[in-house]
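This is data11.csv (CSV, C-alpha atoms and all ligand atoms).
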chain,number,residue,atom,x,y,z
A,22,MET,CA,82.9,6.3,-3.1
A,23,THR,CA,85.2,8.9,-4.8
A,24,ALA,CA,88.0,8.2,-2.3
A,25,SER,CA,87.8,4.4,-2.7
A,26,MET,CA,87.6,4.7,-6.5
A,27,GLU,CA,90.8,6.7,-6.5
A,28,SER,CA,92.7,4.2,-4.4
A,29,MET,CA,91.3,1.3,-6.5
A,30,GLU,CA,93.3,-0.2,-9.4
A,31,SER,CA,91.7,1.4,-12.5
A,32,PRO,CA,90.3,-1.1,-15.0
A,33,ILE,CA,91.5,1.3,-17.7
A,34,SER,CA,94.8,1.0,-19.4
A,35,ILE,CA,95.3,3.7,-22.1
A,36,THR,CA,97.3,2.5,-25.1
A,37,ARG,CA,100.5,4.6,-25.1
A,38,ARG,CA,102.2,4.6,-28.4
A,39,GLU,CA,103.9,7.2,-30.5
A,40,THR,CA,102.3,6.1,-33.8
A,41,ALA,CA,100.7,8.2,-36.5
A,42,GLY,CA,98.3,10.9,-35.1
A,43,GLN,CA,99.7,10.5,-31.5
A,44,PRO,CA,101.6,13.2,-29.6
A,45,PRO,CA,105.1,12.6,-28.2
A,46,LEU,CA,104.9,10.6,-24.9
A,47,THR,CA,106.4,13.3,-22.5
A,48,ALA,CA,106.4,12.9,-18.7
A,49,GLU,CA,103.5,15.4,-18.6
A,50,LEU,CA,101.4,13.4,-21.1
A,51,HIS,CA,102.1,10.2,-19.1
A,52,ARG,CA,100.8,12.0,-16.0
A,53,LEU,CA,97.7,13.2,-17.9
A,54,TYR,CA,97.0,9.6,-19.0
A,55,ASP,CA,97.5,8.3,-15.4
A,56,GLY,CA,95.0,10.8,-14.3
A,57,MET,CA,92.5,9.8,-17.0
A,58,GLU,CA,92.9,6.1,-16.0
A,59,ARG,CA,92.2,7.0,-12.3
A,60,GLY,CA,89.2,9.2,-13.4
A,61,LEU,CA,87.8,6.5,-15.7
A,62,LEU,CA,88.3,8.4,-18.9
A,63,VAL,CA,89.6,7.2,-22.3
A,64,PRO,CA,90.8,9.6,-25.1
A,65,LEU,CA,89.3,8.9,-28.5
A,66,TRP,CA,92.6,9.4,-30.2
A,67,THR,CA,94.2,6.2,-28.9
A,68,GLU,CA,91.1,4.1,-29.6
A,69,ILE,CA,89.7,5.3,-32.9
A,70,GLY,CA,91.4,2.7,-35.0
A,71,ASP,CA,89.8,-0.1,-33.0
A,72,LEU,CA,86.4,1.6,-32.5
A,73,MET,CA,85.9,3.0,-36.0
A,74,PRO,CA,87.6,0.7,-38.5
A,75,VAL,CA,87.0,1.4,-42.2
A,76,SER,CA,85.1,-1.9,-42.5
A,77,PRO,CA,84.0,-4.5,-39.9
A,78,VAL,CA,86.7,-6.3,-38.0
A,79,SER,CA,85.3,-9.4,-36.2
A,80,ALA,CA,86.7,-10.7,-33.0
A,81,ALA,CA,85.2,-14.1,-34.1
A,82,ARG,CA,87.4,-16.4,-36.2
A,83,PRO,CA,86.5,-18.7,-39.0
A,84,HIS,CA,86.3,-22.2,-37.5
A,85,ARG,CA,85.1,-25.6,-38.4
A,86,TRP,CA,83.8,-28.3,-36.1
A,87,SER,CA,83.9,-32.0,-37.2
A,88,TRP,CA,80.5,-33.8,-36.8
A,89,THR,CA,82.3,-37.1,-36.1
A,90,ALA,CA,84.2,-35.4,-33.2
A,91,LEU,CA,81.1,-33.6,-31.9
A,92,MET,CA,79.0,-36.7,-31.9
A,93,ALA,CA,81.6,-38.8,-30.1
A,94,MET,CA,81.5,-36.3,-27.3
A,95,ALA,CA,77.7,-35.9,-27.3
A,96,ARG,CA,77.4,-39.7,-27.0
A,97,GLN,CA,79.8,-39.7,-24.0
A,98,ALA,CA,77.8,-36.9,-22.4
A,99,GLY,CA,74.7,-39.1,-23.0
A,100,ARG,CA,76.3,-41.8,-20.9
A,101,LEU,CA,77.8,-39.5,-18.2
A,102,VAL,CA,75.4,-36.5,-17.8
A,103,PRO,CA,71.7,-36.7,-17.0
A,104,VAL,CA,69.3,-34.2,-18.5
A,105,GLY,CA,66.9,-32.5,-16.2
A,106,ARG,CA,65.9,-29.4,-14.2
A,107,GLY,CA,68.6,-26.8,-13.7
A,108,GLY,CA,70.9,-27.8,-16.6
A,109,GLU,CA,67.8,-28.0,-18.7
A,110,ARG,CA,69.4,-29.4,-21.9
A,111,ARG,CA,72.3,-31.8,-22.8
A,112,ALA,CA,73.7,-29.4,-25.3
A,113,LEU,CA,77.3,-28.9,-26.3
A,114,ALA,CA,77.8,-25.3,-27.6
A,115,LEU,CA,80.3,-24.4,-30.2
A,116,ALA,CA,82.7,-21.8,-28.7
A,117,ASN,CA,84.4,-19.6,-31.2
A,118,PRO,CA,88.2,-19.4,-30.5
A,119,GLY,CA,88.1,-15.6,-30.9
A,120,LEU,CA,85.4,-15.0,-28.3
A,121,GLY,CA,87.3,-15.4,-25.0
A,122,GLY,CA,86.1,-19.0,-24.2
A,123,ARG,CA,82.4,-18.0,-24.1
A,124,PRO,CA,79.9,-20.6,-25.6
A,125,PHE,CA,79.3,-18.3,-28.5
A,126,ALA,CA,79.7,-19.6,-32.1
A,127,THR,CA,79.7,-15.9,-33.3
A,128,PRO,CA,79.1,-12.6,-31.5
A,129,THR,CA,75.3,-13.0,-32.0
A,130,LEU,CA,74.6,-16.7,-32.6
A,131,TRP,CA,74.5,-19.8,-30.5
A,132,ALA,CA,75.1,-23.2,-32.1
A,133,ALA,CA,74.9,-26.5,-30.2
A,134,VAL,CA,74.5,-30.2,-30.6
A,135,GLN,CA,71.7,-31.5,-28.4
A,136,TYR,CA,71.5,-35.2,-27.4
A,137,LEU,CA,68.6,-37.0,-25.9
A,138,ASN,CA,68.6,-40.7,-24.9
A,139,ALA,CA,65.7,-43.0,-25.5
A,140,GLY,CA,62.8,-42.2,-23.2
A,141,GLU,CA,64.4,-38.9,-21.9
A,142,HIS,CA,62.6,-35.7,-21.3
A,143,ALA,CA,64.2,-32.2,-21.7
A,144,PRO,CA,62.0,-30.3,-19.3
A,145,VAL,CA,59.6,-27.6,-20.3
A,146,HIS,CA,60.7,-23.9,-20.1
A,147,ARG,CA,60.5,-20.7,-22.0
A,148,HIS,CA,62.8,-17.8,-22.6
A,149,THR,CA,62.9,-14.6,-24.6
A,150,GLN,CA,65.7,-16.0,-26.9
A,151,ASN,CA,64.6,-17.1,-30.3
A,152,ALA,CA,65.5,-20.7,-31.2
A,153,PHE,CA,65.3,-23.3,-33.9
A,154,ARG,CA,66.3,-27.0,-34.3
A,155,PHE,CA,67.7,-28.5,-37.5
A,156,VAL,CA,68.1,-32.3,-37.9
A,157,VAL,CA,70.9,-33.8,-39.8
A,158,GLU,CA,70.2,-37.4,-38.8
A,159,GLY,CA,67.8,-39.5,-36.9
A,160,GLU,CA,64.2,-39.2,-35.7
A,161,GLY,CA,62.0,-40.2,-32.8
A,162,VAL,CA,62.1,-36.9,-30.7
A,163,TRP,CA,59.0,-34.7,-30.4
A,164,THR,CA,59.5,-31.1,-29.5
A,165,VAL,CA,56.3,-29.9,-27.8
A,166,VAL,CA,55.8,-26.2,-28.3
A,167,ASN,CA,52.9,-24.6,-26.3
A,168,GLY,CA,51.3,-28.1,-26.1
A,169,ASP,CA,51.7,-28.8,-29.8
A,170,PRO,CA,53.8,-32.0,-30.4
A,171,VAL,CA,56.1,-31.6,-33.4
A,172,ALA,CA,57.9,-34.6,-34.8
A,173,MET,CA,61.6,-34.1,-35.6
A,174,ARG,CA,63.2,-36.0,-38.5
A,175,ARG,CA,66.2,-35.7,-40.8
A,176,GLY,CA,66.2,-32.5,-42.9
A,177,ASP,CA,63.4,-30.8,-40.9
A,178,PHE,CA,63.8,-27.2,-39.8
A,179,LEU,CA,61.9,-26.4,-36.6
A,180,PRO,CA,61.7,-22.7,-35.6
A,181,GLN,CA,60.5,-21.8,-32.1
A,182,ALA,CA,60.2,-18.1,-31.4
A,183,GLY,CA,61.0,-16.6,-28.0
A,184,TRP,CA,58.7,-16.9,-25.0
A,185,ASN,CA,56.9,-20.1,-26.2
A,186,TRP,CA,56.9,-23.0,-23.8
A,187,HIS,CA,58.9,-25.9,-25.1
A,188,GLY,CA,60.3,-29.3,-24.0
A,189,HIS,CA,61.6,-32.3,-25.9
A,190,LEU,CA,60.8,-36.0,-25.5
A,191,ASN,CA,62.6,-38.9,-27.1
A,192,LEU,CA,59.9,-41.6,-27.8
A,193,SER,CA,62.1,-43.9,-29.8
A,194,GLU,CA,64.4,-46.8,-28.8
A,195,ALA,CA,67.6,-45.0,-29.7
A,196,PRO,CA,69.4,-41.7,-28.8
A,197,MET,CA,68.8,-38.8,-31.1
A,198,ALA,CA,70.9,-35.6,-31.8
A,199,TRP,CA,70.2,-32.4,-33.6
A,200,ILE,CA,71.5,-28.9,-33.7
A,201,ASP,CA,70.1,-25.9,-31.9
A,202,GLY,CA,70.5,-22.4,-33.2
A,203,LEU,CA,69.6,-19.5,-30.9
A,204,ASP,CA,70.2,-15.8,-30.5
A,205,ILE,CA,71.7,-16.3,-27.0
A,206,PRO,CA,74.9,-14.3,-27.6
A,207,PHE,CA,72.9,-11.4,-29.0
A,208,SER,CA,70.4,-11.5,-26.2
A,209,TYR,CA,73.2,-11.6,-23.7
A,210,GLN,CA,75.0,-8.6,-25.2
A,211,ILE,CA,71.8,-6.5,-25.2
A,212,GLU,CA,70.9,-7.6,-21.6
A,213,SER,CA,67.3,-8.4,-22.5
A,214,THR,CA,66.7,-12.0,-21.4
A,215,PHE,CA,63.8,-13.5,-19.3
A,216,PHE,CA,63.4,-17.1,-18.4
A,217,GLU,CA,60.7,-19.3,-16.8
A,218,TYR,CA,60.4,-22.9,-15.7
A,219,GLY,CA,57.5,-25.1,-16.8
A,220,PRO,CA,56.7,-28.7,-15.9
A,221,ASP,CA,59.6,-31.2,-15.4
A,222,SER,CA,58.2,-33.7,-17.8
A,223,VAL,CA,56.9,-33.2,-21.3
A,224,ASP,CA,53.3,-34.0,-22.0
A,225,ALA,CA,53.0,-35.9,-25.3
A,226,GLN,CA,49.7,-37.8,-25.0
A,227,GLU,CA,49.5,-37.6,-28.8
A,228,THR,CA,52.5,-38.0,-31.2
A,229,PRO,CA,51.0,-37.1,-34.5
A,230,ASP,CA,52.9,-37.1,-37.7
A,231,ARG,CA,51.9,-33.5,-38.4
A,232,SER,CA,51.6,-30.9,-35.7
A,233,ARG,CA,48.6,-28.7,-35.3
A,234,SER,CA,50.7,-25.7,-36.5
A,235,GLU,CA,51.4,-27.6,-39.8
A,236,ARG,CA,47.7,-28.5,-40.2
A,237,LEU,CA,46.8,-24.8,-39.8
A,238,TRP,CA,49.7,-23.1,-41.6
A,239,GLY,CA,51.4,-25.7,-43.8
A,240,HIS,CA,49.6,-25.1,-47.1
A,241,PRO,CA,51.6,-23.1,-49.7
A,242,GLY,CA,50.1,-19.7,-50.4
A,243,LEU,CA,47.1,-20.2,-48.1
A,244,GLN,CA,46.6,-18.4,-44.9
A,245,PRO,CA,43.8,-19.2,-42.5
A,246,VAL,CA,41.3,-16.3,-42.8
A,247,THR,CA,40.9,-16.3,-39.0
A,248,GLN,CA,44.6,-15.4,-38.6
A,249,VAL,CA,45.6,-13.0,-41.4
A,250,ALA,CA,47.2,-10.6,-39.0
A,251,PRO,CA,51.0,-10.8,-39.3
A,252,THR,CA,52.8,-12.6,-36.5
A,253,ALA,CA,56.1,-11.6,-34.9
A,254,SER,CA,57.7,-14.9,-35.8
A,255,SER,CA,56.6,-17.9,-37.8
A,256,PRO,CA,53.5,-19.7,-36.6
A,257,LEU,CA,54.6,-22.7,-38.6
A,258,LEU,CA,56.6,-25.0,-36.3
A,259,ALA,CA,58.1,-27.4,-38.9
A,260,TYR,CA,59.4,-27.0,-42.4
A,261,ARG,CA,59.6,-30.6,-43.6
A,262,TRP,CA,62.6,-32.0,-45.6
A,263,GLU,CA,60.4,-33.4,-48.4
A,264,VAL,CA,59.2,-29.8,-49.2
A,265,THR,CA,62.7,-28.2,-49.0
A,266,ASP,CA,64.2,-31.0,-51.1
A,267,ARG,CA,61.5,-30.7,-53.8
A,268,ALA,CA,61.9,-26.9,-53.9
A,269,LEU,CA,65.6,-27.2,-54.5
A,270,ASP,CA,65.2,-30.0,-57.0
A,271,GLU,CA,62.7,-28.0,-59.0
A,272,GLN,CA,65.0,-25.0,-59.2
A,273,LEU,CA,67.7,-27.1,-60.7
A,274,ARG,CA,65.3,-28.8,-63.1
A,275,LEU,CA,64.0,-25.5,-64.2
A,276,GLU,CA,67.5,-24.4,-64.8
A,277,ASP,CA,68.1,-27.5,-66.9
A,278,GLU,CA,65.1,-26.6,-68.9
A,279,GLY,CA,66.6,-23.1,-69.7
A,280,HIS,CA,64.9,-21.0,-67.0
A,281,PRO,CA,67.3,-18.8,-65.0
A,282,VAL,CA,65.7,-19.2,-61.6
A,283,THR,CA,68.7,-20.2,-59.5
A,284,LEU,CA,70.8,-17.9,-57.3
A,285,ALA,CA,73.7,-18.6,-59.6
A,286,PRO,CA,74.4,-21.3,-62.2
A,287,GLY,CA,74.2,-24.6,-60.4
A,288,HIS,CA,73.3,-23.0,-57.1
A,289,ALA,CA,69.8,-23.5,-55.9
A,290,ALA,CA,68.7,-21.8,-52.6
A,291,VAL,CA,65.6,-21.3,-50.5
A,292,ARG,CA,64.9,-19.2,-47.5
A,293,TYR,CA,62.6,-20.4,-44.7
A,294,VAL,CA,60.0,-17.7,-44.2
A,295,ASP,CA,57.1,-16.8,-42.0
A,296,PRO,CA,54.0,-17.7,-44.0
A,297,SER,CA,52.1,-14.8,-42.3
A,298,THR,CA,54.5,-12.2,-43.6
A,299,GLY,CA,56.9,-13.7,-46.1
A,300,GLY,CA,59.7,-12.3,-43.9
A,301,ASP,CA,62.4,-14.1,-41.9
A,302,VAL,CA,61.2,-17.0,-39.7
A,303,LEU,CA,62.6,-15.4,-36.6
A,304,SER,CA,63.1,-11.7,-35.8
A,305,THR,CA,66.8,-12.2,-35.2
A,306,VAL,CA,67.6,-15.2,-37.3
A,307,ARG,CA,67.6,-15.9,-41.1
A,308,ALA,CA,67.7,-19.5,-42.2
A,309,GLU,CA,68.3,-20.9,-45.7
A,310,PHE,CA,69.1,-24.1,-47.5
A,311,HIS,CA,71.5,-24.2,-50.4
A,312,ARG,CA,72.2,-26.9,-53.0
A,313,LEU,CA,75.2,-26.8,-55.2
A,314,ARG,CA,75.6,-29.1,-58.2
A,315,PRO,CA,78.8,-31.1,-58.7
A,316,ASP,CA,81.8,-29.0,-59.9
A,317,THR,CA,80.4,-25.7,-58.9
A,318,ALA,CA,82.2,-22.7,-57.3
A,319,THR,CA,80.5,-19.8,-55.6
A,320,PRO,CA,82.0,-16.3,-56.1
A,321,ALA,CA,83.5,-14.9,-52.9
A,322,ARG,CA,80.8,-13.2,-50.9
A,323,ARG,CA,81.0,-11.2,-47.7
A,324,ALA,CA,78.3,-9.7,-45.6
A,325,VAL,CA,77.8,-7.7,-42.5
A,326,GLY,CA,76.9,-10.0,-39.6
A,327,SER,CA,77.8,-13.6,-39.0
A,328,SER,CA,76.6,-17.0,-40.1
A,329,VAL,CA,76.8,-20.7,-39.2
A,330,TYR,CA,76.7,-23.5,-41.8
A,331,GLN,CA,76.1,-27.2,-41.5
A,332,VAL,CA,76.8,-29.7,-44.2
A,333,PHE,CA,73.6,-31.7,-44.7
A,334,GLU,CA,74.9,-34.0,-47.4
A,335,GLY,CA,77.8,-34.3,-49.8
A,336,THR,CA,81.2,-32.7,-49.5
A,337,ALA,CA,82.8,-29.3,-50.4
A,338,SER,CA,85.9,-27.3,-50.1
A,339,VAL,CA,85.2,-24.1,-48.2
A,340,THR,CA,87.2,-20.9,-47.7
A,341,VAL,CA,86.3,-18.3,-45.1
A,342,GLY,CA,88.7,-15.3,-44.8
A,343,ASP,CA,92.2,-16.9,-44.6
A,344,ALA,CA,90.9,-20.3,-43.5
A,345,ARG,CA,90.2,-23.3,-45.8
A,346,TRP,CA,88.6,-26.7,-45.0
A,347,ASP,CA,87.3,-29.8,-46.6
A,348,VAL,CA,83.9,-30.4,-45.1
A,349,GLU,CA,81.6,-33.4,-45.0
A,350,ARG,CA,78.2,-34.5,-43.7
A,351,GLY,CA,77.3,-32.9,-40.4
A,352,ASP,CA,80.4,-30.6,-40.2
A,353,LEU,CA,79.7,-27.1,-38.9
A,354,PHE,CA,81.6,-23.9,-39.7
A,355,VAL,CA,81.2,-20.2,-38.9
A,356,VAL,CA,81.7,-17.1,-41.1
A,357,PRO,CA,82.6,-13.9,-39.1
A,358,SER,CA,81.3,-10.5,-40.2
A,359,TRP,CA,82.7,-9.2,-43.5
A,360,GLN,CA,84.9,-12.3,-44.1
A,361,ALA,CA,84.6,-13.7,-47.6
A,362,LEU,CA,83.1,-17.2,-48.1
A,363,THR,CA,83.6,-19.4,-51.1
A,364,VAL,CA,82.2,-23.0,-51.6
A,365,THR,CA,83.6,-25.3,-54.2
A,366,THR,CA,82.1,-28.7,-54.9
A,367,GLY,CA,83.3,-31.9,-56.5
A,368,GLU,CA,80.4,-34.3,-56.0
A,369,GLY,CA,78.0,-31.5,-55.0
A,370,VAL,CA,76.7,-30.4,-51.6
A,371,ASP,CA,73.6,-29.6,-49.6
A,372,LEU,CA,74.1,-26.8,-47.0
A,373,PHE,CA,71.9,-25.6,-44.2
A,374,THR,CA,72.8,-22.1,-43.0
A,375,TYR,CA,71.6,-19.4,-40.6
A,376,SER,CA,72.6,-15.8,-39.9
A,377,ASP,CA,71.8,-12.7,-37.9
A,378,ALA,CA,71.0,-10.7,-41.1
A,379,PRO,CA,67.5,-9.7,-39.9
A,380,ILE,CA,69.0,-7.6,-37.1
A,381,PHE,CA,71.2,-5.6,-39.5
A,382,GLU,CA,68.5,-5.3,-42.2
A,383,ARG,CA,66.0,-4.0,-39.7
A,384,LEU,CA,68.5,-1.4,-38.4
A,385,GLY,CA,69.5,-0.3,-41.9
A,386,ARG,CA,73.1,-1.6,-41.3
A,387,PHE,CA,73.1,-4.6,-43.7
A,388,ARG,CA,75.7,-4.6,-46.5
A,389,SER,CA,76.9,-7.5,-48.7
A,390,GLU,CA,79.3,-7.8,-51.6
A,391,THR,CA,79.8,-10.5,-54.2
A,392,ALA,CA,83.0,-10.7,-56.2
A,393,GLY,CA,82.6,-9.7,-59.7
A,394,GLY,CA,78.8,-9.4,-59.4
A,395,ALA,CA,75.6,-7.9,-58.2
A,396,GLU,CA,74.7,-7.5,-54.5
A,397,ARG,CA,72.6,-10.3,-53.2
A,401,LIG,O1,66.4,-26.9,-26.4
A,401,LIG,O2,65.4,-25.4,-25.2
A,401,LIG,O3,71.0,-25.4,-27.1
A,401,LIG,O4,66.9,-23.4,-24.2
A,401,LIG,C1,70.2,-23.8,-25.6
A,401,LIG,C2,69.1,-23.3,-24.9
A,401,LIG,C3,68.8,-25.6,-26.4
A,401,LIG,C4,66.4,-25.8,-25.8
A,401,LIG,C5,70.0,-24.9,-26.4
A,401,LIG,C6,67.9,-24.0,-24.9
A,401,LIG,C7,67.7,-25.1,-25.7
A,402,FE2,FE,64.9,-23.6,-24.6
Show the structure stored in the file as structure tokens.
Amino acid sequence: MTASMESMESPISITRRETAGQPPLTAELHRLYDGMERGLLVPLWTEIGDLMPVSPVSAARPHRWSWTALMAMARQAGRLVPVGRGGERRALALANPGLGGRPFATPTLWAAVQYLNAGEHAPVHRHTQNAFRFVVEGEGVWTVVNGDPVAMRRGDFLPQAGWNWHGHLNLSEAPMAWIDGLDIPFSYQIESTFFEYGPDSVDAQETPDRSRSERLWGHPGLQPVTQVAPTASSPLLAYRWEVTDRALDEQLRLEDEGHPVTLAPGHAAVRYVDPSTGGDVLSTVRAEFHRLRPDTATPARRAVGSSVYQVFEGTASVTVGDARWDVERGDLFVVPSWQALTVTTGEGVDLFTYSDAPIFERLGRFRSETAGGAER
């Protein structure tokens, strides 16, 4: 083992530069570094700037994906690629250009467009990764979670915590697409994933308007007394658009009536929470919906951890770090760790967003900063 290791090409390449804090590169020092590379050792002094920067430096880059372009490819995939066992899902993952070609939107978060033709089944499986669906357009698919069929329609947010059985079934006459958010990259990095196959087809004998989970949990401020123990992730499987829309609308109307209830002037926001705890819907994912009035600009805000945004309605001009885009309905963009985000509206915008904030909060590592203002 030792002998073969010594003759092997070392995977280590020590950065050899005579910059600040570095000794002169003498022949002797080169020999020491060569020895370290063969012995699988790396000196801290050549790496400290990269390992311990003064504030987070993300490998991920700000990036925007156009919904029109995504949907054109999803439709083509719908024609060319069957959905079934093995591949499991017809999902096109957003791959951040800074993350080495991996299907990772950010270092922790997955974002994908999933597409299901009329009559198709996405087979039942379960995995330890947390997931959710968000619907920007269409209806007709039921996602069946542990045997509970949940209808999916525009504006609905559908969390689905890890290790629950799930499959999707399109019972309409037309294809339907939606976005999936999961903690796949995080789970991959921490090498903690388990996966199991269930039945090849999805059983949806009933296709109710409201799932059993909504009938049990979907009553504001009311918890079933048989289930008052806090759950690990939200037991409510659908957060319906009508409710989200009303909550945002009421915040802005209260503001109009002189009550300072919004996040900032002209900026209403709600967080999807677990009705059993009031905490985040998923242990690794925070999800929110923001509504900005016309001609509103948010102050620059940066936070530890990354997030993904999808425009639900309207248009906006967005800056993330050094990037700037005009975004419209369905467009997705990512905000890397500690890069500042601003959103400026003309006609106003509705934004769905999710982040990995619960991970950092739980570990005591969360920080955020808002230009000229209080921490949020
Ligand atoms: O719908 O079950 O985009 O398991 C990635 C992994 C969707 C799903 C994805 C999944 C699913
Ligand atoms: Fe899944």
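Near ligand LIG 401 (chain A), the residues found within 7 Å are A:Arg110, A:Ala112, A:Ala114, A:Ala132, A:Ala133, A:Val134, A:Gln135, A:His187, A:Gly188, A:Asp201, A:Gly202, A:Leu203 (criterion computed using all atoms listed in the file).
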File dump, residues just selected, C-alpha atoms, as a PDB file, in the frame of the given file:
ATOM      1  CA  ARG A 110      69.400 -29.400 -21.900  1.00  0.00           C
ATOM      2  CA  ALA A 112      73.700 -29.400 -25.300  1.00  0.00           C
ATOM      3  CA  ALA A 114      77.800 -25.300 -27.600  1.00  0.00           C
ATOM      4  CA  ALA A 132      75.100 -23.200 -32.100  1.00  0.00           C
ATOM      5  CA  ALA A 133      74.900 -26.500 -30.200  1.00  0.00           C
ATOM      6  CA  VAL A 134      74.500 -30.200 -30.600  1.00  0.00           C
ATOM      7  CA  GLN A 135      71.700 -31.500 -28.400  1.00  0.00           C
ATOM      8  CA  HIS A 187      58.900 -25.900 -25.100  1.00  0.00           C
ATOM      9  CA  GLY A 188      60.300 -29.300 -24.000  1.00  0.00           C
ATOM     10  CA  ASP A 201      70.100 -25.900 -31.900  1.00  0.00           C
ATOM     11  CA  GLY A 202      70.500 -22.400 -33.200  1.00  0.00           C
ATOM     12  CA  LEU A 203      69.600 -19.500 -30.900  1.00  0.00           C
TER      13      LEU A 203
END
Who sits within 7 Å of Trp88 of chain A, only C-alpha atoms, same chain under 4 positions skipped, as an mmCIF file with C-alpha atoms, keeping the file's coordinate frame:
data_model
loop_
_atom_site.group_PDB
_atom_site.id
_atom_site.type_symbol
_atom_site.label_atom_id
_atom_site.label_comp_id
_atom_site.auth_asym_id
_atom_site.auth_seq_id
_atom_site.Cartn_x
_atom_site.Cartn_y
_atom_site.Cartn_z
ATOM 1 C CA MET A 92 79.000 -36.700 -31.900
ATOM 2 C CA GLY A 351 77.300 -32.900 -40.400
ATOM 3 C CA ASP A 352 80.400 -30.600 -40.200
#
Do a neighbour search on Ala290 of chain A at 9 Å with only C-alpha atoms, toss out local chain neighbours closer than 6 positions, and write the hits as a PDB file with C-alpha atoms, in the coordinates of the input.
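Ended up saving to selection05.pdb:
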ATOM      1  CA  ALA A 268      61.900 -26.900 -53.900  1.00  0.00           C
ATOM      2  CA  LEU A 269      65.600 -27.200 -54.500  1.00  0.00           C
ATOM      3  CA  GLN A 272      65.000 -25.000 -59.200  1.00  0.00           C
ATOM      4  CA  THR A 283      68.700 -20.200 -59.500  1.00  0.00           C
ATOM      5  CA  LEU A 284      70.800 -17.900 -57.300  1.00  0.00           C
ATOM      6  CA  GLU A 309      68.300 -20.900 -45.700  1.00  0.00           C
ATOM      7  CA  PHE A 310      69.100 -24.100 -47.500  1.00  0.00           C
ATOM      8  CA  HIS A 311      71.500 -24.200 -50.400  1.00  0.00           C
ATOM      9  CA  ARG A 312      72.200 -26.900 -53.000  1.00  0.00           C
ATOM     10  CA  LEU A 313      75.200 -26.800 -55.200  1.00  0.00           C
TER      11      LEU A 313
END
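With a cut-off of 7 Å and using all atoms listed in the file, the polymer residues contacting ligand FE2 402 (chain A) are A:His146, A:Arg147, A:His148, A:His187.
Separating atom CA of Leu353 of chain A from atom CA of Ala318 of chain A is a distance of 19.1 Å.
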Residue contacts of segment 234-249 of chain A (7 Å, only C-alpha atoms) excluding same-chain residues fewer than 2 positions away, as a PDB file with C-alpha atoms, keeping the file's coordinate frame:
ATOM      1  CA  ARG A 231      51.900 -33.500 -38.400  1.00  0.00           C
ATOM      2  CA  SER A 232      51.600 -30.900 -35.700  1.00  0.00           C
ATOM      3  CA  PRO A 251      51.000 -10.800 -39.300  1.00  0.00           C
ATOM      4  CA  PRO A 256      53.500 -19.700 -36.600  1.00  0.00           C
ATOM      5  CA  LEU A 257      54.600 -22.700 -38.600  1.00  0.00           C
ATOM      6  CA  LEU A 258      56.600 -25.000 -36.300  1.00  0.00           C
ATOM      7  CA  ALA A 259      58.100 -27.400 -38.900  1.00  0.00           C
ATOM      8  CA  SER A 297      52.100 -14.800 -42.300  1.00  0.00           C
TER       9      SER A 297
END
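Atom CA of Arg175 of chain A is positioned 12.6 Å from atom CA of Val332 of chain A.
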The residue from A:His142, A:Arg388, A:His84, A:Arg96 with the smallest atom-to-atom distance to Leu115 of chain A, counting all atoms listed in the file, is A:His84
Pairwise distance, atom CA of Ala378 of chain A with atom CA of Arg322 of chain A, equals 14.1 Å
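Near Tyr54 of chain A, within a cut-off of 9 Å and counting all atoms listed in the file, sit the residues A:Ser34, A:Ile35, A:Arg37, A:Glu49, A:Arg59, A:Leu62, A:Val63, A:Pro64, with same-chain residues fewer than 5 positions away left out.
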So which residues touch segment 125-129 of chain A within 10 Å, counting all atoms listed in the file, skipping near sequence neighbours fewer than 5 positions away, as a PyMOL selection string? chain A and resi 79-84+114-120+202-210+305-306+326-329+354-358+376-377+380
If you count only C-alpha atoms, the residue of A:Phe387, A:Phe373, A:Phe153, A:Trp186 closest to Phe216 of chain A turns out to be A:Trp186
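Remark: for Asn167 of chain A, the closest of the candidate residues A:Asp224, A:Asp301, A:Asp343, A:Glu141 is A:Asp224 (distances computed over all atoms listed in the file).
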List every protein, DNA or RNA residue that has at least one atom no more than 12 Å from (97.3, 5.6, -37.8) in the file's coordinates, counting all atoms listed in the file, and write the result as a list in words. Arg38, Glu39, Thr40, Ala41, Gly42, Gln43, Pro44, Trp66, Thr67, Glu68, Ile69, Gly70, Asp71, Met73, Pro74 and Val75 of chain A
Up to 8 Å from (61.3, -29.6, -32.9) in the file's coordinates: name the residues, counting only C-alpha atoms, as JSON, numbers by chain. {"A": [153, 154, 155, 162, 163, 164, 165, 166, 171, 172, 173, 178, 179, 180, 181, 189, 258, 259]}
